[in-house]
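Each remark here refers to the structure printed beneath this line.
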Amino acid sequence: MGGYPLVDIMTGENEPSPKVGEQVLCRHPFNESKRAYVVPQHVEELMKCYWPGSTGKAREELPPLKDTRQRCITQLEQMRSDHMRRINPTPYKVSVSGKLYDFIHFLWLNEAPVGVLH
């Protein structure tokens with residue numbers, strides 16, 4: 001796809017990150033018929049733990065604001081032009097892994113209120 005970012009995929013906390021060259025199932029979080037296999041050409045972990053709370057995880061050091069700003073600019077420059085146009089931009093896809101999809105729907109089905117018909 002010309003070296004442009006194609007999709008972001010969210011995975012569960014204990015899931016391994018996708019690997020370059022290995023097929024991964026990307027699912028729409030709420031529409032079960034929207035799914036696709038993707039073979040990543042590049043994988044970049046986007047989420048860092050800056051405030052771990054009481055999880056016991058190591059805390060990342062916050063980068064200087066200047067570096068964060070430059071990273072945002074660089075990331076935006078890598079996007080396809082149809083994602084960046086001001087009128088009718090193409091939505092950028094954010095998917096979930098198959099395991100995270102199953103977990104979301106497990107919570108949804110078990111926690112959503114059930115109506116009572118009279």
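Each chain in the structure tokens gets a letter, A, B, ..., in the order shown, and its residues are numbered from 1; ligands are numbered from 1 in order too.
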
Inset, instruction - Name the residues of chain A that fall into helix (DSSP H, G or I) according to DSSP on the backbone, using the chain letters and numbers of this document, as a PyMOL selection string. - result: chain A and resi 65-77+81-84+98-111

Inset, instruction - If you run DSSP over the backbone, which residues in chain A end up strand (DSSP E)? Put them as an NGL selection string. - result: :A and (7-10 or 24-27 or 35-38 or 93-96)

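When the distance limit is 10 Å and only C-alpha atoms are what count, the residues near Asp82 of chain A, minus those fewer than 5 positions from it on the same chain, are Ile87, Asn88, Pro89, Thr90, Pro91 and Tyr92 of chain A.
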
Atoms kept (all heavy atoms) for selection, written as a PDB file, in the first residue's frame:
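Output below, filename again_2.pdb:
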ATOM      1  N   ILE A  87     -12.194  17.962   3.260  1.00  0.00           N
ATOM      2  CA  ILE A  87     -13.571  17.656   2.869  1.00  0.00           C
ATOM      3  C   ILE A  87     -13.678  16.159   2.575  1.00  0.00           C
ATOM      4  O   ILE A  87     -12.918  15.635   1.768  1.00  0.00           O
ATOM      5  CB  ILE A  87     -13.993  18.488   1.648  1.00  0.00           C
ATOM      6  CG1 ILE A  87     -13.941  19.981   2.006  1.00  0.00           C
ATOM      7  CG2 ILE A  87     -15.387  18.088   1.159  1.00  0.00           C
ATOM      8  CD1 ILE A  87     -14.196  20.903   0.846  1.00  0.00           C
ATOM      9  N   ASN A  88     -14.606  15.505   3.252  1.00  0.00           N
ATOM     10  CA  ASN A  88     -14.884  14.090   3.059  1.00  0.00           C
ATOM     11  C   ASN A  88     -13.635  13.200   3.188  1.00  0.00           C
ATOM     12  O   ASN A  88     -13.318  12.423   2.275  1.00  0.00           O
ATOM     13  CB  ASN A  88     -15.563  13.866   1.698  1.00  0.00           C
ATOM     14  CG  ASN A  88     -16.202  12.506   1.599  1.00  0.00           C
ATOM     15  OD1 ASN A  88     -16.563  11.900   2.603  1.00  0.00           O
ATOM     16  ND2 ASN A  88     -16.338  12.016   0.383  1.00  0.00           N
ATOM     17  N   PRO A  89     -12.924  13.277   4.307  1.00  0.00           N
ATOM     18  CA  PRO A  89     -11.733  12.426   4.462  1.00  0.00           C
ATOM     19  C   PRO A  89     -12.121  10.955   4.611  1.00  0.00           C
ATOM     20  O   PRO A  89     -13.184  10.632   5.124  1.00  0.00           O
ATOM     21  CB  PRO A  89     -11.086  12.948   5.749  1.00  0.00           C
ATOM     22  CG  PRO A  89     -12.222  13.537   6.514  1.00  0.00           C
ATOM     23  CD  PRO A  89     -13.180  14.090   5.491  1.00  0.00           C
ATOM     24  N   THR A  90     -11.256  10.078   4.148  1.00  0.00           N
ATOM     25  CA  THR A  90     -11.436   8.651   4.344  1.00  0.00           C
ATOM     26  C   THR A  90     -11.145   8.329   5.806  1.00  0.00           C
ATOM     27  O   THR A  90     -10.093   8.715   6.317  1.00  0.00           O
ATOM     28  CB  THR A  90     -10.461   7.856   3.451  1.00  0.00           C
ATOM     29  OG1 THR A  90     -10.688   8.220   2.094  1.00  0.00           O
ATOM     30  CG2 THR A  90     -10.634   6.360   3.634  1.00  0.00           C
ATOM     31  N   PRO A  91     -12.065   7.658   6.500  1.00  0.00           N
ATOM     32  CA  PRO A  91     -11.782   7.307   7.901  1.00  0.00           C
ATOM     33  C   PRO A  91     -10.578   6.366   7.999  1.00  0.00           C
ATOM     34  O   PRO A  91     -10.413   5.468   7.174  1.00  0.00           O
ATOM     35  CB  PRO A  91     -13.055   6.592   8.360  1.00  0.00           C
ATOM     36  CG  PRO A  91     -14.115   7.001   7.395  1.00  0.00           C
ATOM     37  CD  PRO A  91     -13.411   7.238   6.092  1.00  0.00           C
ATOM     38  N   TYR A  92      -9.753   6.595   8.995  1.00  0.00           N
ATOM     39  CA  TYR A  92      -8.618   5.704   9.256  1.00  0.00           C
ATOM     40  C   TYR A  92      -9.131   4.543  10.105  1.00  0.00           C
ATOM     41  O   TYR A  92      -9.875   4.738  11.059  1.00  0.00           O
ATOM     42  CB  TYR A  92      -7.503   6.458   9.987  1.00  0.00           C
ATOM     43  CG  TYR A  92      -6.291   5.605  10.216  1.00  0.00           C
ATOM     44  CD1 TYR A  92      -5.432   5.306   9.167  1.00  0.00           C
ATOM     45  CD2 TYR A  92      -6.005   5.080  11.472  1.00  0.00           C
ATOM     46  CE1 TYR A  92      -4.320   4.514   9.365  1.00  0.00           C
ATOM     47  CE2 TYR A  92      -4.902   4.282  11.674  1.00  0.00           C
ATOM     48  CZ  TYR A  92      -4.058   4.000  10.619  1.00  0.00           C
ATOM     49  OH  TYR A  92      -2.972   3.206  10.813  1.00  0.00           O
TER      50      TYR A  92
END

Legend entry - Contact residues around segment 8-13 of chain A with only C-alpha atoms at 8 Å, ignoring same-chain residues under 6 positions, as an MDAnalysis selection string: chainID A and resid 26 93:97 99:100

How would the residues just picked look written out with N, CA, C and O atoms as a CSV table (one decimal), in the first residue's frame?
chain,number,residue,atom,x,y,z
A,26,CYS,N,-7.9,-8.7,11.8
A,26,CYS,CA,-8.4,-7.4,12.3
A,26,CYS,C,-9.9,-7.4,12.3
A,26,CYS,O,-10.5,-7.7,11.2
A,93,LYS,N,-8.7,3.3,9.7
A,93,LYS,CA,-9.3,2.2,10.4
A,93,LYS,C,-8.5,1.9,11.7
A,93,LYS,O,-7.3,1.9,11.8
A,94,VAL,N,-9.3,1.6,12.8
A,94,VAL,CA,-8.7,1.1,14.0
A,94,VAL,C,-9.5,-0.2,14.3
A,94,VAL,O,-10.7,-0.1,14.5
A,95,SER,N,-8.8,-1.3,14.4
A,95,SER,CA,-9.4,-2.6,14.6
A,95,SER,C,-9.0,-3.2,15.9
A,95,SER,O,-8.1,-2.6,16.6
A,96,VAL,N,-9.6,-4.3,16.3
A,96,VAL,CA,-9.3,-5.0,17.5
A,96,VAL,C,-8.9,-6.4,17.1
A,96,VAL,O,-9.3,-6.9,16.0
A,97,SER,N,-8.1,-7.1,17.9
A,97,SER,CA,-7.7,-8.4,17.6
A,97,SER,C,-8.9,-9.3,17.9
A,97,SER,O,-9.9,-8.9,18.5
A,99,LYS,N,-9.1,-11.9,19.9
A,99,LYS,CA,-9.3,-12.1,21.3
A,99,LYS,C,-9.9,-10.9,22.0
A,99,LYS,O,-10.8,-11.1,22.9
A,100,LEU,N,-9.5,-9.7,21.6
A,100,LEU,CA,-10.1,-8.5,22.3
A,100,LEU,C,-11.5,-8.4,21.8
A,100,LEU,O,-12.4,-8.0,22.6

Check which residues of segment 16-52 of chain A sit at most 12 Å from segment 103-113 of chain A using only C-alpha atoms, and return one row each with the closest pair of atoms and their distance in Å to one decimal, ordered by chain and rising number, as JSON lines.
{"residue": "A:Arg27", "atom": "CA", "partner": "A:Ile104", "partner_atom": "CA", "distance": 11.5}
{"residue": "A:His28", "atom": "CA", "partner": "A:Ile104", "partner_atom": "CA", "distance": 11.1}
{"residue": "A:Pro29", "atom": "CA", "partner": "A:Ile104", "partner_atom": "CA", "distance": 7.7}
{"residue": "A:Phe30", "atom": "CA", "partner": "A:His105", "partner_atom": "CA", "distance": 8.2}
{"residue": "A:Asn31", "atom": "CA", "partner": "A:His105", "partner_atom": "CA", "distance": 10.7}
{"residue": "A:Glu32", "atom": "CA", "partner": "A:His105", "partner_atom": "CA", "distance": 10.0}

Save the residues we just selected, N, CA, C and O atoms, as a PDB file, in the first residue's frame?
ATOM      1  N   ARG A  27     -10.502  -7.023  13.395  1.00  0.00           N
ATOM      2  CA  ARG A  27     -11.968  -6.999  13.497  1.00  0.00           C
ATOM      3  C   ARG A  27     -12.451  -5.606  13.834  1.00  0.00           C
ATOM      4  O   ARG A  27     -11.825  -4.890  14.614  1.00  0.00           O
ATOM      5  N   HIS A  28     -13.604  -5.256  13.277  1.00  0.00           N
ATOM      6  CA  HIS A  28     -14.285  -4.027  13.687  1.00  0.00           C
ATOM      7  C   HIS A  28     -14.800  -4.295  15.103  1.00  0.00           C
ATOM      8  O   HIS A  28     -15.316  -5.378  15.371  1.00  0.00           O
ATOM      9  N   PRO A  29     -14.669  -3.345  16.029  1.00  0.00           N
ATOM     10  CA  PRO A  29     -15.063  -3.631  17.413  1.00  0.00           C
ATOM     11  C   PRO A  29     -16.531  -4.011  17.598  1.00  0.00           C
ATOM     12  O   PRO A  29     -16.859  -4.781  18.496  1.00  0.00           O
ATOM     13  N   PHE A  30     -17.434  -3.498  16.735  1.00  0.00           N
ATOM     14  CA  PHE A  30     -18.856  -3.707  16.975  1.00  0.00           C
ATOM     15  C   PHE A  30     -19.631  -4.297  15.800  1.00  0.00           C
ATOM     16  O   PHE A  30     -20.779  -4.657  15.962  1.00  0.00           O
ATOM     17  N   ASN A  31     -19.024  -4.371  14.629  1.00  0.00           N
ATOM     18  CA  ASN A  31     -19.708  -4.919  13.457  1.00  0.00           C
ATOM     19  C   ASN A  31     -19.041  -6.249  13.098  1.00  0.00           C
ATOM     20  O   ASN A  31     -17.967  -6.273  12.520  1.00  0.00           O
ATOM     21  N   GLU A  32     -19.713  -7.345  13.435  1.00  0.00           N
ATOM     22  CA  GLU A  32     -19.086  -8.664  13.292  1.00  0.00           C
ATOM     23  C   GLU A  32     -18.762  -9.040  11.860  1.00  0.00           C
ATOM     24  O   GLU A  32     -17.885  -9.867  11.626  1.00  0.00           O
TER      25      GLU A  32
END
